[in-house]
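Pasted below: input38.tsv, TSV, C-alpha atoms and all ligand atoms.
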chain	number	residue	atom	x	y	z
A	1	MET	CA	130.73	94.07	97.51
A	2	LYS	CA	129.44	95.46	94.21
A	3	GLN	CA	126.83	93.35	92.46
A	4	LYS	CA	127.68	91.94	89.04
A	5	VAL	CA	125.06	92.38	86.35
A	6	ILE	CA	125.29	89.70	83.67
A	7	ILE	CA	123.50	90.12	80.38
A	8	SER	CA	122.94	86.45	79.82
A	9	GLU	CA	122.76	84.62	76.52
A	10	ASN	CA	122.95	81.23	78.24
A	11	LEU	CA	121.08	81.11	81.54
A	12	GLU	CA	122.39	77.72	82.69
A	13	ARG	CA	126.04	78.55	82.04
A	14	ASP	CA	125.76	81.99	83.68
A	15	LEU	CA	123.95	80.56	86.69
A	16	VAL	CA	126.61	77.83	87.12
A	17	ASN	CA	129.33	80.51	87.08
A	18	ALA	CA	127.46	82.79	89.49
A	19	ILE	CA	126.69	79.98	91.94
A	20	SER	CA	130.30	78.82	91.88
A	21	GLU	CA	131.41	82.29	93.04
A	22	CYS	CA	128.99	82.32	96.00
A	23	GLU	CA	129.02	80.35	99.22
A	24	HIS	CA	126.37	77.66	98.96
A	25	ASP	CA	126.12	74.76	101.36
A	26	ARG	CA	122.42	74.75	100.45
A	27	ILE	CA	120.55	76.54	97.68
A	28	PHE	CA	117.01	77.93	98.00
A	29	ILE	CA	114.98	79.17	95.03
A	30	LEU	CA	112.30	81.73	95.79
A	31	THR	CA	109.45	82.13	93.29
A	32	ASP	CA	105.87	83.31	93.47
A	33	GLU	CA	103.03	81.10	92.21
A	34	THR	CA	103.16	82.81	88.80
A	35	THR	CA	106.89	82.56	88.18
A	36	HIS	CA	106.89	79.05	89.65
A	37	GLU	CA	104.46	78.04	86.95
A	38	LYS	CA	105.74	80.12	84.03
A	39	CYS	CA	109.48	80.59	84.59
A	40	MET	CA	110.69	77.71	86.76
A	41	PRO	CA	110.15	75.19	83.89
A	42	LYS	CA	112.91	76.96	81.93
A	43	MET	CA	115.35	75.99	84.74
A	44	GLN	CA	114.07	72.72	86.08
A	45	ASN	CA	116.62	70.51	84.31
A	46	PHE	CA	119.61	72.62	85.31
A	47	LEU	CA	122.11	70.33	87.08
A	48	CYS	CA	123.39	73.24	89.18
A	49	LEU	CA	119.95	73.45	90.82
A	50	LYS	CA	119.67	69.73	91.61
A	51	GLY	CA	118.81	69.45	95.30
A	52	ALA	CA	117.87	73.13	95.57
A	53	GLN	CA	114.89	73.72	97.84
A	54	SER	CA	111.95	75.62	96.45
A	55	ILE	CA	110.08	78.33	98.37
A	56	VAL	CA	106.89	79.54	96.69
A	57	ILE	CA	105.01	82.64	97.89
A	58	ARG	CA	101.74	84.22	96.79
A	59	PRO	CA	102.08	86.68	93.93
A	60	THR	CA	101.62	90.46	93.49
A	61	ASP	CA	102.42	93.52	95.54
A	62	THR	CA	99.56	92.85	97.98
A	63	HIS	CA	101.61	89.92	99.34
A	64	LYS	CA	104.82	91.92	99.75
A	65	THR	CA	104.14	91.82	103.48
A	66	LEU	CA	105.60	90.93	106.85
A	67	ASP	CA	103.53	87.69	106.83
A	68	THR	CA	105.09	86.58	103.53
A	69	LEU	CA	108.52	87.59	104.76
A	70	ALA	CA	107.98	85.45	107.89
A	71	GLU	CA	106.98	82.54	105.63
A	72	VAL	CA	110.28	82.85	103.76
A	73	TRP	CA	112.34	83.08	106.96
A	74	THR	CA	110.47	80.02	108.30
A	75	ALA	CA	111.12	78.04	105.11
A	76	LEU	CA	114.82	78.93	105.27
A	77	SER	CA	115.02	77.97	108.91
A	78	GLN	CA	113.12	74.70	108.53
A	79	GLY	CA	115.06	73.89	105.36
A	80	GLY	CA	118.31	74.01	107.33
A	81	ALA	CA	119.70	77.24	105.85
A	82	THR	CA	122.96	78.39	107.42
A	83	ARG	CA	124.99	81.59	107.06
A	84	HIS	CA	126.66	79.90	104.08
A	85	SER	CA	123.48	79.16	102.15
A	86	LEU	CA	122.48	80.87	98.93
A	87	MET	CA	119.11	82.19	97.80
A	88	ILE	CA	118.09	82.65	94.18
A	89	ASN	CA	115.20	85.06	93.62
A	90	LEU	CA	113.36	84.14	90.42
A	91	GLY	CA	110.60	86.61	89.66
A	92	GLY	CA	109.47	90.18	89.27
A	93	GLY	CA	110.20	93.09	91.58
A	94	MET	CA	108.02	91.74	94.37
A	95	VAL	CA	110.12	88.55	94.56
A	96	THR	CA	113.49	90.29	94.17
A	97	ASP	CA	112.59	93.00	96.75
A	98	LEU	CA	111.12	90.66	99.35
A	99	GLY	CA	113.58	87.84	98.65
A	100	GLY	CA	116.52	90.24	98.83
A	101	PHE	CA	115.28	91.54	102.19
A	102	ALA	CA	114.68	88.01	103.54
A	103	ALA	CA	118.19	86.94	102.49
A	104	SER	CA	119.85	90.12	103.80
A	105	THR	CA	118.34	89.68	107.26
A	106	PHE	CA	118.43	85.88	107.69
A	107	LYS	CA	121.27	85.10	110.12
A	108	ARG	CA	122.46	88.68	109.48
A	109	GLY	CA	122.67	88.10	105.75
A	110	ILE	CA	123.22	85.30	103.27
A	111	ASP	CA	124.25	85.65	99.62
A	112	PHE	CA	121.54	86.00	97.02
A	113	ILE	CA	121.31	86.09	93.24
A	114	ASN	CA	118.51	87.90	91.39
A	115	VAL	CA	117.10	86.38	88.22
A	116	PRO	CA	114.46	88.95	87.20
A	117	THR	CA	111.67	87.66	84.99
A	118	THR	CA	109.72	90.85	84.24
A	119	LEU	CA	110.93	93.77	82.17
A	120	LEU	CA	110.32	96.06	85.16
A	121	ALA	CA	112.51	93.95	87.44
A	122	MET	CA	115.22	93.61	84.76
A	123	VAL	CA	115.66	97.33	84.18
A	124	ASP	CA	114.86	98.59	87.67
A	125	ALA	CA	113.93	96.54	90.75
A	126	SER	CA	116.58	93.81	90.64
A	127	VAL	CA	119.50	96.21	90.09
A	128	GLY	CA	120.77	98.71	92.67
A	129	GLY	CA	120.34	97.03	96.04
A	130	LYS	CA	116.96	98.29	97.21
A	131	THR	CA	115.18	95.51	99.12
A	132	GLY	CA	112.10	95.58	101.34
A	133	ILE	CA	108.42	95.07	101.97
A	134	ASN	CA	105.26	97.18	102.22
A	135	PHE	CA	104.10	98.02	105.75
A	136	CYS	CA	101.11	99.83	107.29
A	137	GLY	CA	99.70	100.55	103.84
A	138	LEU	CA	102.95	102.22	102.70
A	139	LYS	CA	104.99	100.89	99.81
A	140	ASN	CA	108.54	99.72	100.56
A	141	GLU	CA	108.28	101.19	104.06
A	142	ILE	CA	110.63	98.65	105.64
A	143	GLY	CA	113.83	97.56	103.96
A	144	VAL	CA	117.57	97.83	103.58
A	145	PHE	CA	120.04	98.62	100.85
A	146	SER	CA	121.70	95.28	100.13
A	147	ASP	CA	123.27	94.18	96.87
A	148	SER	CA	122.65	90.78	95.38
A	149	ARG	CA	125.93	89.10	94.41
A	150	PHE	CA	124.73	88.74	90.80
A	151	VAL	CA	121.84	89.91	88.67
A	152	ILE	CA	121.36	87.60	85.71
A	153	ILE	CA	119.36	89.25	82.95
A	154	ASN	CA	117.99	86.73	80.48
A	155	THR	CA	115.45	88.25	78.15
A	156	SER	CA	114.00	84.84	77.19
A	157	PHE	CA	111.70	85.36	80.20
A	158	LEU	CA	110.06	88.26	78.37
A	159	ASP	CA	107.98	85.77	76.39
A	160	THR	CA	106.14	84.93	79.65
A	161	LEU	CA	104.81	88.52	79.87
A	162	ASP	CA	101.64	90.08	78.50
A	163	HIS	CA	101.63	93.40	76.61
A	164	GLU	CA	100.72	95.44	79.73
A	165	ASN	CA	103.69	94.09	81.66
A	166	ILE	CA	106.03	94.87	78.76
A	167	CYS	CA	104.64	98.44	78.70
A	168	SER	CA	105.00	98.70	82.47
A	169	GLY	CA	108.73	97.90	82.41
A	170	TYR	CA	109.21	100.03	79.32
A	171	ALA	CA	108.15	103.16	81.24
A	172	GLU	CA	111.25	102.84	83.44
A	173	MET	CA	113.32	102.43	80.26
A	174	LEU	CA	111.82	105.66	78.91
A	175	LYS	CA	112.87	107.34	82.16
A	176	HIS	CA	116.41	106.02	81.73
A	177	GLY	CA	116.43	107.43	78.19
A	178	LEU	CA	115.30	110.83	79.43
A	179	ILE	CA	117.98	111.04	82.14
A	180	SER	CA	120.81	109.78	79.91
A	181	ASN	CA	121.30	110.83	76.31
A	182	GLU	CA	119.48	111.89	73.18
A	183	ASN	CA	120.27	108.79	71.05
A	184	HIS	CA	118.94	106.38	73.65
A	185	TRP	CA	115.83	108.51	74.20
A	186	ALA	CA	115.17	108.82	70.42
A	187	GLU	CA	115.39	105.05	69.92
A	188	LEU	CA	112.99	104.49	72.84
A	189	VAL	CA	110.30	106.93	71.63
A	190	GLY	CA	110.62	105.53	68.10
A	191	PHE	CA	110.06	101.91	69.19
A	192	ASP	CA	106.90	100.02	68.19
A	193	LEU	CA	105.57	98.65	71.49
A	194	ASP	CA	102.61	96.96	69.74
A	195	GLN	CA	104.88	94.77	67.66
A	196	PRO	CA	108.13	94.77	69.59
A	197	ASN	CA	111.30	93.73	67.81
A	198	LEU	CA	112.73	91.49	70.55
A	199	ALA	CA	116.35	91.70	69.38
A	200	GLN	CA	116.20	95.50	69.49
A	201	LEU	CA	114.41	95.38	72.86
A	202	GLN	CA	117.15	93.14	74.29
A	203	ARG	CA	119.81	95.59	73.19
A	204	MET	CA	117.89	98.53	74.67
A	205	VAL	CA	117.40	96.61	77.95
A	206	ALA	CA	121.19	96.20	78.27
A	207	GLU	CA	121.68	99.93	77.61
A	208	SER	CA	118.93	100.85	80.06
A	209	ILE	CA	120.49	98.77	82.85
A	210	LYS	CA	123.84	100.50	82.20
A	211	VAL	CA	122.17	103.87	82.83
A	212	LYS	CA	120.82	102.67	86.18
A	213	GLU	CA	124.11	101.00	87.15
A	214	LEU	CA	126.11	104.19	86.49
A	215	VAL	CA	123.76	106.30	88.59
A	216	VAL	CA	123.67	103.79	91.47
A	217	GLU	CA	127.44	103.37	91.40
A	218	GLU	CA	127.87	107.10	91.93
A	219	ASP	CA	125.31	107.37	94.74
A	220	PRO	CA	124.24	103.95	96.08
A	221	HIS	CA	122.24	105.30	99.05
A	222	GLU	CA	120.33	108.06	97.27
A	223	HIS	CA	121.84	111.12	98.91
A	224	GLY	CA	122.16	112.94	95.58
A	225	ILE	CA	122.24	111.90	91.94
A	226	ARG	CA	120.33	108.61	92.49
A	227	LYS	CA	117.32	110.90	92.89
A	228	ALA	CA	117.49	111.19	89.07
A	229	LEU	CA	115.80	107.78	89.10
A	230	ASN	CA	112.80	109.41	90.80
A	231	LEU	CA	111.87	111.31	87.63
A	232	GLY	CA	108.14	110.75	87.06
A	233	HIS	CA	107.79	109.04	90.43
A	234	THR	CA	106.65	111.90	92.71
A	235	ILE	CA	103.34	112.28	90.88
A	236	GLY	CA	103.49	108.67	89.58
A	237	HIS	CA	103.54	107.17	93.08
A	238	ALA	CA	100.57	109.33	94.05
A	239	PHE	CA	98.61	107.97	91.04
A	240	GLU	CA	99.64	104.44	91.97
A	241	SER	CA	98.53	104.76	95.62
A	242	PHE	CA	95.35	106.61	94.62
A	243	ALA	CA	94.39	103.91	92.12
A	244	MET	CA	95.05	101.15	94.65
A	245	LYS	CA	93.00	102.91	97.33
A	246	HIS	CA	90.07	103.19	94.93
A	247	ASP	CA	90.22	99.51	93.92
A	248	ARG	CA	91.38	100.11	90.37
A	249	ALA	CA	95.07	99.39	90.73
A	250	VAL	CA	97.35	100.29	87.81
A	251	LEU	CA	100.68	98.62	87.07
A	252	HIS	CA	103.65	100.54	88.47
A	253	GLY	CA	105.04	101.48	85.06
A	254	TYR	CA	101.70	102.90	83.91
A	255	ALA	CA	101.64	105.19	86.97
A	256	VAL	CA	105.24	106.20	86.22
A	257	ALA	CA	104.35	106.93	82.58
A	258	TYR	CA	101.52	109.25	83.71
A	259	GLY	CA	103.88	110.80	86.26
A	260	LEU	CA	106.43	111.39	83.48
A	261	VAL	CA	103.85	113.32	81.46
A	262	CYS	CA	103.21	115.67	84.40
A	263	GLU	CA	106.85	116.03	85.41
A	264	LEU	CA	108.04	116.64	81.84
A	265	TYR	CA	105.42	119.36	81.56
A	266	MET	CA	106.79	120.86	84.79
A	267	SER	CA	110.32	120.46	83.39
A	268	ALA	CA	109.33	122.43	80.29
A	269	CYS	CA	107.64	125.18	82.35
A	270	LYS	CA	110.21	125.48	85.13
A	271	ALA	CA	113.54	124.14	83.88
A	272	GLY	CA	113.57	124.87	80.14
A	273	PHE	CA	113.12	121.29	78.88
A	274	PRO	CA	112.57	121.62	75.09
A	275	THR	CA	108.85	121.67	74.30
A	276	ASP	CA	109.17	119.58	71.10
A	277	LYS	CA	110.87	116.72	72.95
A	278	MET	CA	108.36	116.98	75.77
A	279	ARG	CA	105.49	116.74	73.25
A	280	GLN	CA	107.12	113.80	71.42
A	281	THR	CA	107.55	111.85	74.67
A	282	VAL	CA	104.03	112.70	75.85
A	283	ARG	CA	102.56	111.57	72.50
A	284	PHE	CA	104.38	108.24	72.81
A	285	ILE	CA	103.02	107.77	76.35
A	286	ILE	CA	99.41	108.74	75.55
A	287	ASP	CA	99.42	106.47	72.45
A	288	ASN	CA	100.73	103.46	74.38
A	289	TYR	CA	99.43	103.97	77.93
A	290	GLY	CA	96.31	106.12	77.46
A	291	ARG	CA	95.51	108.64	80.18
A	292	PHE	CA	95.07	108.14	83.93
A	293	PRO	CA	91.34	108.36	84.69
A	294	PHE	CA	90.86	111.16	87.22
A	295	THR	CA	89.20	114.57	87.63
A	296	CYS	CA	90.16	117.83	89.32
A	297	ASP	CA	88.06	116.76	92.34
A	298	ASP	CA	90.80	114.18	92.98
A	299	TYR	CA	93.59	116.78	93.23
A	300	PRO	CA	93.44	117.35	97.03
A	301	GLU	CA	93.77	113.61	97.68
A	302	LEU	CA	96.62	113.29	95.17
A	303	LEU	CA	98.47	116.26	96.68
A	304	GLU	CA	98.07	114.76	100.15
A	305	LEU	CA	99.58	111.48	98.89
A	306	MET	CA	102.53	113.42	97.41
A	307	ARG	CA	103.12	115.21	100.73
A	308	HIS	CA	103.34	111.85	102.53
A	309	ASP	CA	105.80	110.28	100.11
A	310	LYS	CA	108.99	109.20	101.87
A	311	LYS	CA	111.06	111.12	99.29
A	312	ASN	CA	109.91	114.36	100.93
A	313	THR	CA	111.04	116.27	103.98
A	314	ALA	CA	109.13	118.74	106.15
A	315	GLY	CA	105.99	118.91	104.03
A	316	THR	CA	107.64	120.12	100.80
A	317	ILE	CA	107.10	118.00	97.70
A	318	ASN	CA	110.39	117.07	96.10
A	319	PHE	CA	110.80	116.59	92.35
A	320	THR	CA	113.51	115.57	89.94
A	321	LEU	CA	113.12	117.67	86.80
A	322	LEU	CA	115.09	117.97	83.57
A	323	GLY	CA	116.54	121.01	81.79
A	324	GLY	CA	116.99	118.80	78.71
A	325	ILE	CA	117.65	115.17	77.98
A	326	GLY	CA	120.36	114.08	80.44
A	327	ASP	CA	120.33	117.51	82.15
A	328	ILE	CA	119.19	116.40	85.60
A	329	ARG	CA	117.91	118.84	88.25
A	330	ILE	CA	117.38	117.11	91.59
A	331	ASN	CA	115.76	118.63	94.72
A	332	GLN	CA	113.28	120.83	92.86
A	333	THR	CA	110.10	122.06	94.51
A	334	ALA	CA	106.79	123.21	93.02
A	335	THR	CA	103.75	125.07	94.26
A	336	LYS	CA	100.34	123.46	94.58
A	337	GLU	CA	99.22	125.49	91.54
A	338	GLU	CA	102.14	124.29	89.41
A	339	ILE	CA	101.44	120.67	90.30
A	340	GLU	CA	97.74	121.11	89.54
A	341	GLU	CA	98.56	122.67	86.16
A	342	ALA	CA	100.73	119.64	85.35
A	343	MET	CA	97.84	117.33	86.24
A	344	ASP	CA	95.51	119.44	84.05
A	345	PHE	CA	97.99	118.89	81.22
A	346	LEU	CA	97.80	115.09	81.66
A	347	ARG	CA	93.99	115.20	81.59
A	348	GLU	CA	93.59	117.56	78.68
A	349	GLY	CA	96.91	118.54	77.11
B	401	LIG	N1	113.72	102.55	91.53
B	401	LIG	C1	114.60	103.63	91.67
B	401	LIG	C2	115.86	103.28	92.39
B	401	LIG	O1	116.25	102.14	92.45
B	401	LIG	O2	116.48	104.14	92.95
Could you write out this structure as structure tokens?
Ligand code: GLY
Amino acid sequence: MKQKVIISENLERDLVNAISECEHDRIFILTDETTHEKCMPKMQNFLCLKGAQSIVIRPTDTHKTLDTLAEVWTALSQGGATRHSLMINLGGGMVTDLGGFAASTFKRGIDFINVPTTLLAMVDASVGGKTGINFCGLKNEIGVFSDSRFVIINTSFLDTLDHENICSGYAEMLKHGLISNENHWAELVGFDLDQPNLAQLQRMVAESIKVKELVVEEDPHEHGIRKALNLGHTIGHAFESFAMKHDRAVLHGYAVAYGLVCELYMSACKAGFPTDKMRQTVRFIIDNYGRFPFTCDDYPELLELMRHDKKNTAGTINFTLLGGIGDIRINQTATKEEIEEAMDFLREG
């Protein structure tokens, strides 16, 4: 069953409607400690949630683990959840990924609704059916594709976020601009992230989600065109893992932004992406995200991380590149030298 994405102006009304379309002998609301404190108050007087049982887990990606998953299953079990119960995931990508996986596996699957509270979860994690947990030091190693019944996007949660978390989600929006069309991209690179106009941001969020929905609709299980969503992520994931390993973790979107710089440079060199648009996007990223702190001594470790990414097969490093805005080239490869040149460009270009 395809998930319905609702761009919500009235959270209570949209939640009432969504709940009424799902089976729900009991309702469970999953939050982490942060969203429990900052976001739950916006919903605590909702009549439709009266009697709902709350499950609160520890926050951040470090707790996206089997232990936390077991805690959620235990809470569902002890709270009397049946196959006809409903789970509402209120939080960022960690909550929607882990909560979606918990719901999809409990008694072979109960309905769930995602209410993303971060910009990153609104435009990426909560839409498209990817659920899962980290395992053995690998991100999202265990999981299933499973659609939530509804994704309710209410941008009033954005006022709970700091500037870095807005920038983090915005990097995925930039990616959606690059893989879609020139007007959307131009508006994104012209936006003032330091003093965001929230009405304009809301409109761009809706457009960004449409881009992701269209791609996922065409290829839900990532056999082909969904790989477009990996733009910036081959090198970006390596930066993210590298930073985490060296105890200076960066937010996901920052790693993606740095990955976009490298992969746009590769797109310009190898696929004919226009240099002026590459430079304009790179300028926007450097101005708003700075540069990833690394040296050429780190290249072997970064290349090794790229080789072990689950997007790759048989030791080749797989990229999604662009021949222009919206001109997507999936399943591209690159030599070690080409990748190193792209990383040189991020450091010095
Ligand atoms: N985050 C990329 C995707 O959902 O495929």
Which residue, A:Phe150, A:Phe157, A:Tyr258, A:Phe145, has the smallest gap to ligand LIG 401 (chain B) when you use all atoms listed in the file?
-> A:Phe145
Show me, as a tab-separated table, the residues of chain A having an atom within 6 Å of ligand LIG 401 (chain B), each with the closest atom pair and its distance in Å, using all atoms listed in the file.
residue	atom	partner	partner_atom	distance
A:Asp124	CA	B:LIG401	N1	5.6
A:Gly128	CA	B:LIG401	O1	5.7
A:Arg226	CA	B:LIG401	O2	5.9
A:Leu229	CA	B:LIG401	C1	5.0
Stretch 314-324 of chain A environment, 9 Å, only C-alpha atoms, sequence neighbours closer than 5 positions dropped, as a PyMOL selection string | chain A and resi 178-179+227-235+263-264+266-268+270-274+277+303+306-309+329-335
Deliver the residues from the most recent selection as a file, using C-alpha atoms, as an mmCIF file, keeping the file's coordinate frame.
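Result file result35.cif:
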data_model
loop_
_atom_site.group_PDB
_atom_site.id
_atom_site.type_symbol
_atom_site.label_atom_id
_atom_site.label_comp_id
_atom_site.auth_asym_id
_atom_site.auth_seq_id
_atom_site.Cartn_x
_atom_site.Cartn_y
_atom_site.Cartn_z
ATOM 1 C CA LEU A 178 115.300 110.830 79.430
ATOM 2 C CA ILE A 179 117.980 111.040 82.140
ATOM 3 C CA LYS A 227 117.320 110.900 92.890
ATOM 4 C CA ALA A 228 117.490 111.190 89.070
ATOM 5 C CA LEU A 229 115.800 107.780 89.100
ATOM 6 C CA ASN A 230 112.800 109.410 90.800
ATOM 7 C CA LEU A 231 111.870 111.310 87.630
ATOM 8 C CA GLY A 232 108.140 110.750 87.060
ATOM 9 C CA HIS A 233 107.790 109.040 90.430
ATOM 10 C CA THR A 234 106.650 111.900 92.710
ATOM 11 C CA ILE A 235 103.340 112.280 90.880
ATOM 12 C CA GLU A 263 106.850 116.030 85.410
ATOM 13 C CA LEU A 264 108.040 116.640 81.840
ATOM 14 C CA MET A 266 106.790 120.860 84.790
ATOM 15 C CA SER A 267 110.320 120.460 83.390
ATOM 16 C CA ALA A 268 109.330 122.430 80.290
ATOM 17 C CA LYS A 270 110.210 125.480 85.130
ATOM 18 C CA ALA A 271 113.540 124.140 83.880
ATOM 19 C CA GLY A 272 113.570 124.870 80.140
ATOM 20 C CA PHE A 273 113.120 121.290 78.880
ATOM 21 C CA PRO A 274 112.570 121.620 75.090
ATOM 22 C CA LYS A 277 110.870 116.720 72.950
ATOM 23 C CA LEU A 303 98.470 116.260 96.680
ATOM 24 C CA MET A 306 102.530 113.420 97.410
ATOM 25 C CA ARG A 307 103.120 115.210 100.730
ATOM 26 C CA HIS A 308 103.340 111.850 102.530
ATOM 27 C CA ASP A 309 105.800 110.280 100.110
ATOM 28 C CA ARG A 329 117.910 118.840 88.250
ATOM 29 C CA ILE A 330 117.380 117.110 91.590
ATOM 30 C CA ASN A 331 115.760 118.630 94.720
ATOM 31 C CA GLN A 332 113.280 120.830 92.860
ATOM 32 C CA THR A 333 110.100 122.060 94.510
ATOM 33 C CA ALA A 334 106.790 123.210 93.020
ATOM 34 C CA THR A 335 103.750 125.070 94.260
#
Residue neighbourhood stretch 285-293 of chain A, 8 Å, all atoms listed in the file, exclusion window fewer than 3 positions, as a ChimeraX atom specification | /A:167,193,239,254-255,257-258,261,281-282,346-347
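With distances restricted to all atoms listed in the file, A:Leu158 is the closest residue to A:Thr35 from A:Glu71, A:Lys336, A:Leu158, A:Glu341.
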Do you know which residues are at most 10 Å from A:Trp73 counting only C-alpha atoms, after dropping those on the same chain fewer than 6 positions away, and could you put them as a ChimeraX atom specification?
-> /A:67,79,81,99,102-103,105-107
Take the selection from the previous step and output its residues with C-alpha atoms, as an mmCIF file, in the frame of the given file.
data_model
loop_
_atom_site.group_PDB
_atom_site.id
_atom_site.type_symbol
_atom_site.label_atom_id
_atom_site.label_comp_id
_atom_site.auth_asym_id
_atom_site.auth_seq_id
_atom_site.Cartn_x
_atom_site.Cartn_y
_atom_site.Cartn_z
ATOM 1 C CA ASP A 67 103.530 87.690 106.830
ATOM 2 C CA GLY A 79 115.060 73.890 105.360
ATOM 3 C CA ALA A 81 119.700 77.240 105.850
ATOM 4 C CA GLY A 99 113.580 87.840 98.650
ATOM 5 C CA ALA A 102 114.680 88.010 103.540
ATOM 6 C CA ALA A 103 118.190 86.940 102.490
ATOM 7 C CA THR A 105 118.340 89.680 107.260
ATOM 8 C CA PHE A 106 118.430 85.880 107.690
ATOM 9 C CA LYS A 107 121.270 85.100 110.120
#
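Counting only C-alpha atoms, the residue from A:His252, A:Arg283, A:Lys245, A:His176 that sits nearest to A:Glu301 is A:Lys245.
Checking A:Thr160, A:Gln78, A:Asn114, A:Gln280 one by one against A:Thr34, counting only C-alpha atoms, you find the shortest gap at A:Thr160.
Remark: for A:Lys212, the closest of the candidate residues A:Val127, A:Leu251, A:Val5, A:Cys22 is A:Val127 (distances computed over all atoms listed in the file).
Remark: for A:Met87, the closest of the candidate residues A:His63, A:Lys38, A:Arg149, A:Arg108 is A:Arg149 (distances computed over all atoms listed in the file).
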Find the distance between atom CA of A:Asn140 and atom CA of A:Glu37 and write it in Å to one decimal.
->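 Computing the Euclidean distance for atom CA of A:Asn140 and atom CA of A:Glu37 yields 25.9 Å.
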Atom pair atom CA of A:Met43 / atom CA of A:Leu11: separation (Å) =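 Between these atoms lies a distance of 8.3 Å.
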